[in-house]
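Asker: Before we start, here is the structure in question, set down as structure tokens.
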Amino acid sequence: EDKVVQSPLSLVVHEGDTVTLNCSYEVTNFRSLLWYKQEKKAPTFLFMLTSSGIEKKSGRLSSILDKKELFSILNITATQTGDSAIYLCASNAGGTSYGKLTFGQGTILTVHP
Amino acid sequence: DTGVSQNPRHKITKRGQNVTFRCDPISEHNRLYWYRQTLGQGPEFLTYFQNEAQLEKSRLLSDRFSAERPKGSFSTLEIQRTEQGDSAMYLCASSLVYGQGIYGYTFGSGTRLTVV
């Protein structure tokens with residue numbers, strides 16, 4: 001059974017800090033890894049990673065995938081209170097399960113002013 | 001494009017009652033997915049449709065759960081004889097799958113079910 005594990009489960013920082021969120025996976029027929037930000041409602045898409053070692057960047061957020069060691073990290077620099085949310089990573093397998101996402105438990109990030 | 005729309009946003013029901021949720025996906029998307037999320041956990045896959053065909057169902061989807069996508073557009077998820085353990089956020093998502101790619105995987109805001 002596919003498995004995704006995130007760490008830490010929760011993190012409290014102050015504005016301006018840099019954080020690194022971790023995601024490890026054990027997935028049969030792995031195709032891609034996705035990161036989402038969830039505030040009070042729908043998870044909103046951040047990144048989709050398919051290739052090892054290629055950093056994806058969007059403003060203060062960046063993410064990279066290591067397909068040899070089976071993990072991904074999400075970095076947020078110069079954190080702001082608006083970054084407070086649950087960050088979810090999810091694996092996407094191929095074959096007949098293509099598109100079916102397996103999520104980790106999420107990391108709850110709290111950014112204090 | 002108004003995104004993925006789910007109704008109702010909240011539902012409180014008594015144990016033993018039946019409930020039905022609706023999901024309207026992004027119009028050009030051919031895949032529609034249902035997930036369930038409980039407090040402190042990530043979403044768990046329930047089922048998905050390719051157009052009107054239901055292609056996979058999770059073991060989590062007991063006989064009390066049924067999902068339909070009758071014309072390949074909107075979908076409904078029905079829970080019969082609700083139990084307190086069914087209390088959760090039910091999330092719908094849609095995407096376009098074309099060739100080897102998957103595009104625009106978007107979640108709705110969810111329906112929060114409370115069974116009392």
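Residue numbering restarts at 1 for every chain of the structure tokens, chains are lettered A, B, ... in their displayed order, and ligands are numbered from 1 as they appear.
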Report as a ChimeraX atom specification all protein, DNA and RNA residues lying within 9 Å of region 27-43 of chain A, evaluated on only C-alpha atoms, omitting residues in the same chain fewer than 3 positions from it.
Answerer: /A:1-4,46-51,63,65,70,72,74,83-95,98,101-102 /B:91,106-110
Asker: I need the residues from that last selection saved to file as a short mmCIF file (atom, residue, chain, number, x, y, z; two decimals), in the first residue's frame (with N, CA, C and O atoms), if you can.
Answerer:
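Result written to again36.cif:
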data_model
loop_
_atom_site.label_atom_id
_atom_site.label_comp_id
_atom_site.auth_asym_id
_atom_site.auth_seq_id
_atom_site.Cartn_x
_atom_site.Cartn_y
_atom_site.Cartn_z
N GLU A 1 0.84 -1.19 0.00
CA GLU A 1 0.00 0.00 0.00
C GLU A 1 0.89 1.26 0.00
O GLU A 1 1.86 1.33 0.73
N ASP A 2 0.54 2.22 -0.85
CA ASP A 2 1.32 3.45 -0.94
C ASP A 2 1.27 4.22 0.38
O ASP A 2 0.25 4.23 1.07
N LYS A 3 2.37 4.89 0.69
CA LYS A 3 2.46 5.59 1.97
C LYS A 3 3.23 6.89 1.81
O LYS A 3 4.26 6.94 1.11
N VAL A 4 2.73 7.94 2.42
CA VAL A 4 3.39 9.25 2.41
C VAL A 4 3.45 9.75 3.85
O VAL A 4 2.45 9.74 4.56
N LEU A 46 0.28 24.01 -4.99
CA LEU A 46 1.54 24.75 -4.96
C LEU A 46 2.48 24.27 -6.06
O LEU A 46 2.88 25.05 -6.92
N PHE A 47 2.87 23.00 -6.01
CA PHE A 47 3.84 22.48 -6.95
C PHE A 47 3.52 21.04 -7.33
O PHE A 47 2.94 20.30 -6.53
N MET A 48 3.92 20.67 -8.53
CA MET A 48 3.97 19.26 -8.92
C MET A 48 5.38 18.96 -9.38
O MET A 48 5.93 19.68 -10.23
N LEU A 49 5.97 17.90 -8.81
CA LEU A 49 7.36 17.55 -9.09
C LEU A 49 7.39 16.16 -9.72
O LEU A 49 6.80 15.22 -9.19
N THR A 50 8.08 16.06 -10.84
CA THR A 50 8.20 14.76 -11.49
C THR A 50 9.65 14.33 -11.67
O THR A 50 9.93 13.14 -11.77
N SER A 51 10.56 15.29 -11.70
CA SER A 51 11.96 14.97 -11.98
C SER A 51 12.82 15.27 -10.77
O SER A 51 12.62 16.27 -10.08
N SER A 63 10.55 24.03 -3.94
CA SER A 63 10.43 22.61 -3.63
C SER A 63 11.33 21.81 -4.55
O SER A 63 11.60 22.22 -5.69
N LEU A 65 12.59 17.49 -5.44
CA LEU A 65 12.28 16.07 -5.30
C LEU A 65 13.57 15.25 -5.44
O LEU A 65 14.42 15.55 -6.29
N LEU A 70 13.69 9.05 -2.21
CA LEU A 70 12.23 9.03 -2.04
C LEU A 70 11.75 10.10 -1.05
O LEU A 70 11.01 9.80 -0.09
N SER A 72 10.83 14.63 -0.65
CA SER A 72 10.74 15.98 -1.18
C SER A 72 10.77 16.95 -0.02
O SER A 72 10.39 16.61 1.10
N LEU A 74 9.81 21.16 1.02
CA LEU A 74 9.19 22.44 0.67
C LEU A 74 9.84 23.48 1.57
O LEU A 74 9.82 23.34 2.79
N ASP A 83 1.31 32.75 5.75
CA ASP A 83 1.78 31.40 5.42
C ASP A 83 1.24 30.37 6.39
O ASP A 83 1.40 29.16 6.15
N SER A 84 0.63 30.81 7.47
CA SER A 84 0.07 29.87 8.46
C SER A 84 -1.01 29.03 7.77
O SER A 84 -1.98 29.56 7.21
N ALA A 85 -0.84 27.72 7.80
CA ALA A 85 -1.74 26.81 7.09
C ALA A 85 -1.28 25.39 7.36
O ALA A 85 -0.25 25.16 8.02
N ILE A 86 -2.03 24.45 6.80
CA ILE A 86 -1.58 23.06 6.76
C ILE A 86 -0.97 22.83 5.38
O ILE A 86 -1.58 23.18 4.36
N TYR A 87 0.23 22.27 5.36
CA TYR A 87 0.88 21.96 4.09
C TYR A 87 0.83 20.45 3.88
O TYR A 87 1.26 19.67 4.73
N LEU A 88 0.25 20.09 2.75
CA LEU A 88 0.04 18.68 2.44
C LEU A 88 0.91 18.27 1.27
O LEU A 88 1.03 19.01 0.29
N CYS A 89 1.52 17.10 1.37
CA CYS A 89 2.15 16.55 0.18
C CYS A 89 1.41 15.28 -0.20
O CYS A 89 0.79 14.62 0.65
N ALA A 90 1.42 14.98 -1.47
CA ALA A 90 0.68 13.84 -1.98
C ALA A 90 1.45 13.20 -3.12
O ALA A 90 2.05 13.90 -3.94
N SER A 91 1.40 11.86 -3.18
CA SER A 91 2.02 11.16 -4.28
C SER A 91 0.97 10.79 -5.31
O SER A 91 -0.20 10.57 -4.96
N ASN A 92 1.40 10.73 -6.56
CA ASN A 92 0.53 10.33 -7.65
C ASN A 92 1.17 9.12 -8.32
O ASN A 92 2.28 9.22 -8.84
N ALA A 93 0.47 8.00 -8.26
CA ALA A 93 1.00 6.79 -8.87
C ALA A 93 0.55 6.69 -10.31
O ALA A 93 -0.37 7.38 -10.74
N GLY A 94 1.19 5.82 -11.05
CA GLY A 94 0.82 5.62 -12.45
C GLY A 94 -0.10 4.43 -12.61
O GLY A 94 -0.73 3.97 -11.65
N GLY A 95 -0.19 3.93 -13.81
CA GLY A 95 -1.02 2.78 -14.09
C GLY A 95 -2.49 3.08 -13.91
O GLY A 95 -2.95 4.20 -14.14
N TYR A 98 -3.57 6.16 -11.79
CA TYR A 98 -3.08 7.48 -12.20
C TYR A 98 -4.11 8.55 -11.85
O TYR A 98 -5.27 8.46 -12.25
N LEU A 101 -4.52 10.40 -5.61
CA LEU A 101 -3.47 10.95 -4.76
C LEU A 101 -3.48 10.27 -3.39
O LEU A 101 -4.54 10.04 -2.82
N THR A 102 -2.29 9.98 -2.90
CA THR A 102 -2.11 9.50 -1.53
C THR A 102 -1.45 10.62 -0.75
O THR A 102 -0.34 11.03 -1.07
N LEU B 91 -14.27 16.06 0.28
CA LEU B 91 -13.68 16.92 -0.75
C LEU B 91 -13.85 16.30 -2.12
O LEU B 91 -13.67 15.09 -2.30
N THR B 106 -7.64 20.26 -9.21
CA THR B 106 -8.22 21.33 -8.39
C THR B 106 -9.24 20.77 -7.42
O THR B 106 -10.10 19.98 -7.82
N PHE B 107 -9.16 21.21 -6.17
CA PHE B 107 -10.11 20.78 -5.15
C PHE B 107 -11.22 21.81 -4.96
O PHE B 107 -10.99 23.02 -5.11
N GLY B 108 -12.39 21.30 -4.58
CA GLY B 108 -13.46 22.17 -4.12
C GLY B 108 -13.28 22.47 -2.64
O GLY B 108 -12.35 21.97 -1.99
N SER B 109 -14.17 23.32 -2.12
CA SER B 109 -14.07 23.74 -0.72
C SER B 109 -14.60 22.72 0.27
O SER B 109 -14.45 22.90 1.47
N GLY B 110 -15.22 21.68 -0.24
CA GLY B 110 -15.63 20.58 0.63
C GLY B 110 -17.02 20.73 1.21
O GLY B 110 -17.60 21.84 1.25
#
Asker: Give me the residues within 7 Å of region 64-74 of chain B as a list in words, counting only C-alpha atoms and dropping any in the same chain fewer than 3 places off.
Answerer: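 Non-adjacent residues within range: Cys23, Asp24, Pro25, Asn51, Glu52, Leu61, Leu77, Glu78, Ile79, Gln80 and Arg81 of chain B.
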Asker: Which is closest to chain B among A:Lys56, A:Tyr25, A:Gln105, A:His112, if we use only C-alpha atoms?
Answerer: A:Gln105
Asker: Please check the contacts: residues of chain B at most 10 Å away from chain A, using only C-alpha atoms, listed as number ranges by chain.
Answerer: B: 4, 9, 31-35, 37, 39-48, 55-56, 89, 91-97, 100-112
Asker: I'd like to know which residues of chain B are strand (DSSP E or B) (by DSSP, run on the backbone); could you write them as a ChimeraX atom specification?
Answerer: /B:5-7,10-13,19-24,31-37,44-50,53-57,65-68,75-79,88-98,101-107,111-115
Asker: Excluding Glu15 (chain A) and any residue of its chain fewer than 6 positions from it, enumerate the residues within 12 Å of it, using only C-alpha atoms, and give them as a list in words.
Answerer: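 With the cut-off at 12 Å, the set is Ile76, Thr77, Ala78, Thr79, Gln80, Thr81, Gly82, Asp83, Ser84, Leu109, Thr110, Val111, His112 and Pro113 of chain A.
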Asker: Keeping N, CA and C atoms, export the residues of the selection given above as a short mmCIF file (atom, residue, chain, number, x, y, z; two decimals), in the first residue's frame.
Answerer:
data_model
loop_
_atom_site.label_atom_id
_atom_site.label_comp_id
_atom_site.auth_asym_id
_atom_site.auth_seq_id
_atom_site.Cartn_x
_atom_site.Cartn_y
_atom_site.Cartn_z
N ILE A 76 10.09 27.52 2.70
CA ILE A 76 9.45 28.83 2.70
C ILE A 76 10.42 29.78 3.37
N THR A 77 10.84 30.80 2.64
CA THR A 77 11.76 31.80 3.20
C THR A 77 10.98 33.04 3.62
N ALA A 78 11.55 33.78 4.54
CA ALA A 78 10.95 35.04 5.02
C ALA A 78 9.47 34.86 5.30
N THR A 79 9.15 33.92 6.16
CA THR A 79 7.75 33.58 6.42
C THR A 79 6.93 34.79 6.86
N GLN A 80 5.65 34.73 6.51
CA GLN A 80 4.69 35.77 6.88
C GLN A 80 3.51 35.10 7.60
N THR A 81 2.73 35.89 8.32
CA THR A 81 1.60 35.29 9.04
C THR A 81 0.62 34.62 8.07
N GLY A 82 0.54 35.13 6.86
CA GLY A 82 -0.33 34.53 5.85
C GLY A 82 0.12 33.15 5.37
N ASP A 83 1.31 32.75 5.75
CA ASP A 83 1.78 31.40 5.42
C ASP A 83 1.24 30.37 6.39
N SER A 84 0.63 30.81 7.47
CA SER A 84 0.07 29.87 8.46
C SER A 84 -1.01 29.03 7.77
N LEU A 109 1.69 24.63 9.99
CA LEU A 109 2.64 25.72 10.17
C LEU A 109 1.94 26.92 10.79
N THR A 110 2.47 27.41 11.87
CA THR A 110 1.95 28.62 12.52
C THR A 110 3.06 29.66 12.53
N VAL A 111 2.77 30.81 11.94
CA VAL A 111 3.74 31.90 11.88
C VAL A 111 3.23 33.04 12.76
N HIS A 112 3.99 33.35 13.81
CA HIS A 112 3.62 34.44 14.72
C HIS A 112 4.25 35.74 14.26
N PRO A 113 3.54 36.87 14.48
CA PRO A 113 4.12 38.17 14.09
C PRO A 113 5.34 38.51 14.93
#
Asker: Just to confirm, what's the straight-line distance from CA of Ile64 (chain A) to CA of Leu11 (chain A) in Å (one decimal)?
Answerer: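 About the pair CA of Ile64 (chain A) and CA of Leu11 (chain A): they are 19.9 Å apart.
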Asker: What does the distance from CA of Gln6 (chain A) to CA of Glu26 (chain A) come to in Å, to one decimal?
Answerer: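 If I compute the distance from CA of Gln6 (chain A) to CA of Glu26 (chain A), I get 12.0 Å.
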